[in-house]
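Just below is one structure, and these are the notes that go with it.
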Amino acid sequence: MNPNEPIHVGEETFDFAVLKSPVPVLVDFWATWCGPCKMIAPILDEIAREQSGKVRVAKIDVDQNPKLAARFNIRGIPTMILFHNGEARETIVGLAGKQAIVSKLEALATAA
């Protein structure tokens with residue numbers, strides 16, 4: 001697993017990869033057919049590279065993991081949830097710019 005790239009998480013690996021992570025995790029709920037999801041993917045790749053060691057980026061395909069989508073009440077995609085210390089701290093729904101995402105990550109790190 002390369003810490004500089006987003007990780008793909010499923011129902012079996014979610015608790016370990018996200019809830020037990022020693023660093024904050026930005027979870028991207030997405031689907032292959034979602035246009036805005038494809039547009040935000042390169043931004044999340046950049047964030048994963050630039051924030052390596054400070055933040056983990058995880059991707060969850062809602063079509064392959066419907067229980068996780070239901071567990072977090074995902075109604076539209078892309079939806080990103082920031083987790084820290086096992087808790088959902090912030091939710092971003094829809095296409096967001098890189099700076100908006102990074103600002104929320106920095107605010108989370110500062111509050112921690």
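Residue numbering restarts at 1 in every chain; chains get A, B, ... in the order shown in the structure tokens, and ligands count up from 1 in that same order.
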
Item to check | Contact residues around A:Gly53 with only C-alpha atoms at 12 Å, ignoring same-chain residues under 4 positions, as a list of chain:residue names | outcome: A:Asn2, A:Pro3, A:Asn4, A:Glu5, A:Ser21, A:Pro22, A:Val23, A:Pro24, A:Val25, A:Ile47, A:Ala48, A:Arg49, A:Val57

Item to check | Sel. of strand (DSSP E or B) residues, stretch 28-99 of chain A, as a list in words | outcome: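 The strand (DSSP E or B) residues within stretch 28-99 of chain A come out as Asp28, Phe29, Trp30, Arg56, Val57, Ala58, Lys59, Ile60, Asp61, Thr79, Met80, Ile81, Leu82, Phe83, His84, Glu87, Ala88, Arg89, Glu90, Thr91, Ile92 and Val93 of chain A.
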
Next on the checklist: Which residues are near A:Gln64? Cut-off 10 Å, only C-alpha atoms, ignore same chain within fewer than 6 positions. Put them as a PyMOL selection string.
Outcome noted: chain A and resi 10-11+31

Please save N, CA and C atoms of the selected residues as a PDB file, in the first residue's frame.
```
ATOM      1  N   GLY A  10     -13.306  -1.257   1.436  1.00  0.00           N
ATOM      2  CA  GLY A  10     -14.603  -1.920   1.339  1.00  0.00           C
ATOM      3  C   GLY A  10     -15.157  -2.177   2.725  1.00  0.00           C
ATOM      4  N   GLU A  11     -16.275  -2.876   2.756  1.00  0.00           N
ATOM      5  CA  GLU A  11     -16.942  -3.135   4.027  1.00  0.00           C
ATOM      6  C   GLU A  11     -16.051  -3.933   4.983  1.00  0.00           C
ATOM      7  N   ALA A  31     -18.704   6.565  -7.480  1.00  0.00           N
ATOM      8  CA  ALA A  31     -19.120   5.465  -8.352  1.00  0.00           C
ATOM      9  C   ALA A  31     -18.504   5.677  -9.730  1.00  0.00           C
TER      10      ALA A  31
END
```

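Near A:Ile40, within 10 Å and counting only C-alpha atoms, sit Asp28, Trp30, Gly35, Pro36, Cys37, Ile43, Leu44, Asp45, Pro78, Gly94, Leu95, Ala96, Gly97 and Lys98 of chain A, not including residues fewer than 3 positions from it in the same chain.
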
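Each of A:Val9, A:Leu82, A:Ala69, A:Ala58 was compared to A:Ser103 using only C-alpha atoms, and A:Leu82 turns out to be the nearest.
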
Item to check | Secondary structure check, alpha helix (DSSP H) residues of chain A, as a ChimeraX atom specification | outcome: /A:14,35-50,66-71,98-111

For the residues in the current selection, export N, CA and C atoms as a compact mmCIF listing (two decimals), in the first residue's frame.
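Generated output (selection.txt):
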```txt
# COMPACT_ATOMS: atom_id res chain seq x y z
N PHE A 14 -13.02 -1.33 6.16
CA PHE A 14 -13.33 0.05 6.55
C PHE A 14 -12.91 0.37 7.99
N GLY A 35 -19.92 11.43 -13.12
CA GLY A 35 -19.07 12.42 -13.77
C GLY A 35 -18.30 13.30 -12.80
N PRO A 36 -18.99 13.95 -11.83
CA PRO A 36 -18.27 14.78 -10.87
C PRO A 36 -17.24 13.99 -10.05
N CYS A 37 -17.51 12.70 -9.82
CA CYS A 37 -16.55 11.86 -9.09
C CYS A 37 -15.25 11.74 -9.89
N LYS A 38 -15.39 11.60 -11.20
CA LYS A 38 -14.21 11.50 -12.06
C LYS A 38 -13.45 12.82 -12.09
N MET A 39 -14.17 13.93 -11.98
CA MET A 39 -13.54 15.25 -12.00
C MET A 39 -12.74 15.51 -10.71
N ILE A 40 -13.23 14.99 -9.59
CA ILE A 40 -12.56 15.26 -8.32
C ILE A 40 -11.43 14.27 -8.05
N ALA A 41 -11.41 13.14 -8.73
CA ALA A 41 -10.39 12.10 -8.48
C ALA A 41 -8.96 12.63 -8.58
N PRO A 42 -8.59 13.40 -9.62
CA PRO A 42 -7.21 13.90 -9.68
C PRO A 42 -6.87 14.85 -8.52
N ILE A 43 -7.85 15.58 -8.04
CA ILE A 43 -7.64 16.48 -6.89
C ILE A 43 -7.33 15.65 -5.66
N LEU A 44 -8.08 14.57 -5.46
CA LEU A 44 -7.84 13.71 -4.31
C LEU A 44 -6.49 13.00 -4.41
N ASP A 45 -6.09 12.65 -5.64
CA ASP A 45 -4.77 12.06 -5.85
C ASP A 45 -3.67 13.04 -5.42
N GLU A 46 -3.84 14.32 -5.79
CA GLU A 46 -2.87 15.35 -5.41
C GLU A 46 -2.81 15.51 -3.89
N ILE A 47 -3.98 15.56 -3.27
CA ILE A 47 -4.04 15.71 -1.81
C ILE A 47 -3.34 14.52 -1.14
N ALA A 48 -3.57 13.32 -1.65
CA ALA A 48 -2.93 12.12 -1.08
C ALA A 48 -1.42 12.24 -1.14
N ARG A 49 -0.91 12.74 -2.28
CA ARG A 49 0.54 12.90 -2.42
C ARG A 49 1.07 14.00 -1.50
N GLU A 50 0.40 15.14 -1.52
CA GLU A 50 0.89 16.31 -0.78
C GLU A 50 0.74 16.16 0.74
N PRO A 66 -22.76 -1.00 -0.75
CA PRO A 66 -24.00 -0.30 -0.39
C PRO A 66 -24.25 -0.19 1.11
N LYS A 67 -23.74 -1.15 1.89
CA LYS A 67 -23.94 -1.08 3.34
C LYS A 67 -23.19 0.11 3.95
N LEU A 68 -21.98 0.37 3.43
CA LEU A 68 -21.23 1.53 3.93
C LEU A 68 -21.92 2.83 3.52
N ALA A 69 -22.43 2.88 2.29
CA ALA A 69 -23.14 4.07 1.84
C ALA A 69 -24.36 4.31 2.73
N ALA A 70 -25.07 3.25 3.06
CA ALA A 70 -26.25 3.39 3.92
C ALA A 70 -25.86 3.76 5.35
N ARG A 71 -24.78 3.17 5.83
CA ARG A 71 -24.30 3.43 7.20
C ARG A 71 -24.01 4.91 7.42
N LYS A 98 -9.99 22.03 -4.61
CA LYS A 98 -8.88 21.52 -3.81
C LYS A 98 -8.66 22.35 -2.56
N GLN A 99 -8.65 23.67 -2.70
CA GLN A 99 -8.38 24.52 -1.54
C GLN A 99 -9.45 24.37 -0.47
N ALA A 100 -10.70 24.21 -0.86
CA ALA A 100 -11.78 24.03 0.11
C ALA A 100 -11.57 22.74 0.90
N ILE A 101 -11.16 21.68 0.22
CA ILE A 101 -10.92 20.40 0.88
C ILE A 101 -9.71 20.50 1.81
N VAL A 102 -8.63 21.08 1.31
CA VAL A 102 -7.41 21.21 2.11
C VAL A 102 -7.67 22.08 3.34
N SER A 103 -8.46 23.14 3.19
CA SER A 103 -8.79 24.00 4.33
C SER A 103 -9.50 23.22 5.43
N LYS A 104 -10.42 22.37 5.04
CA LYS A 104 -11.14 21.56 6.03
C LYS A 104 -10.20 20.57 6.70
N LEU A 105 -9.28 19.99 5.93
CA LEU A 105 -8.30 19.07 6.50
C LEU A 105 -7.40 19.78 7.49
N GLU A 106 -6.96 20.99 7.13
CA GLU A 106 -6.09 21.75 8.03
C GLU A 106 -6.81 22.17 9.30
N ALA A 107 -8.09 22.55 9.16
CA ALA A 107 -8.88 22.92 10.33
C ALA A 107 -9.05 21.72 11.26
N LEU A 108 -9.23 20.56 10.69
CA LEU A 108 -9.38 19.33 11.47
C LEU A 108 -8.08 19.01 12.20
N ALA A 109 -6.95 19.16 11.51
CA ALA A 109 -5.65 18.88 12.12
C ALA A 109 -5.35 19.86 13.26
N THR A 110 -5.76 21.11 13.08
CA THR A 110 -5.53 22.14 14.09
C THR A 110 -6.38 21.88 15.33
N ALA A 111 -7.62 21.43 15.10
CA ALA A 111 -8.54 21.17 16.21
C ALA A 111 -8.16 19.92 16.98
```

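Among A:Asp15, A:Met80, A:His8, A:Leu26, the residue with the shortest atom-to-atom distance to A:Gln51, counting only C-alpha atoms, is A:Leu26.
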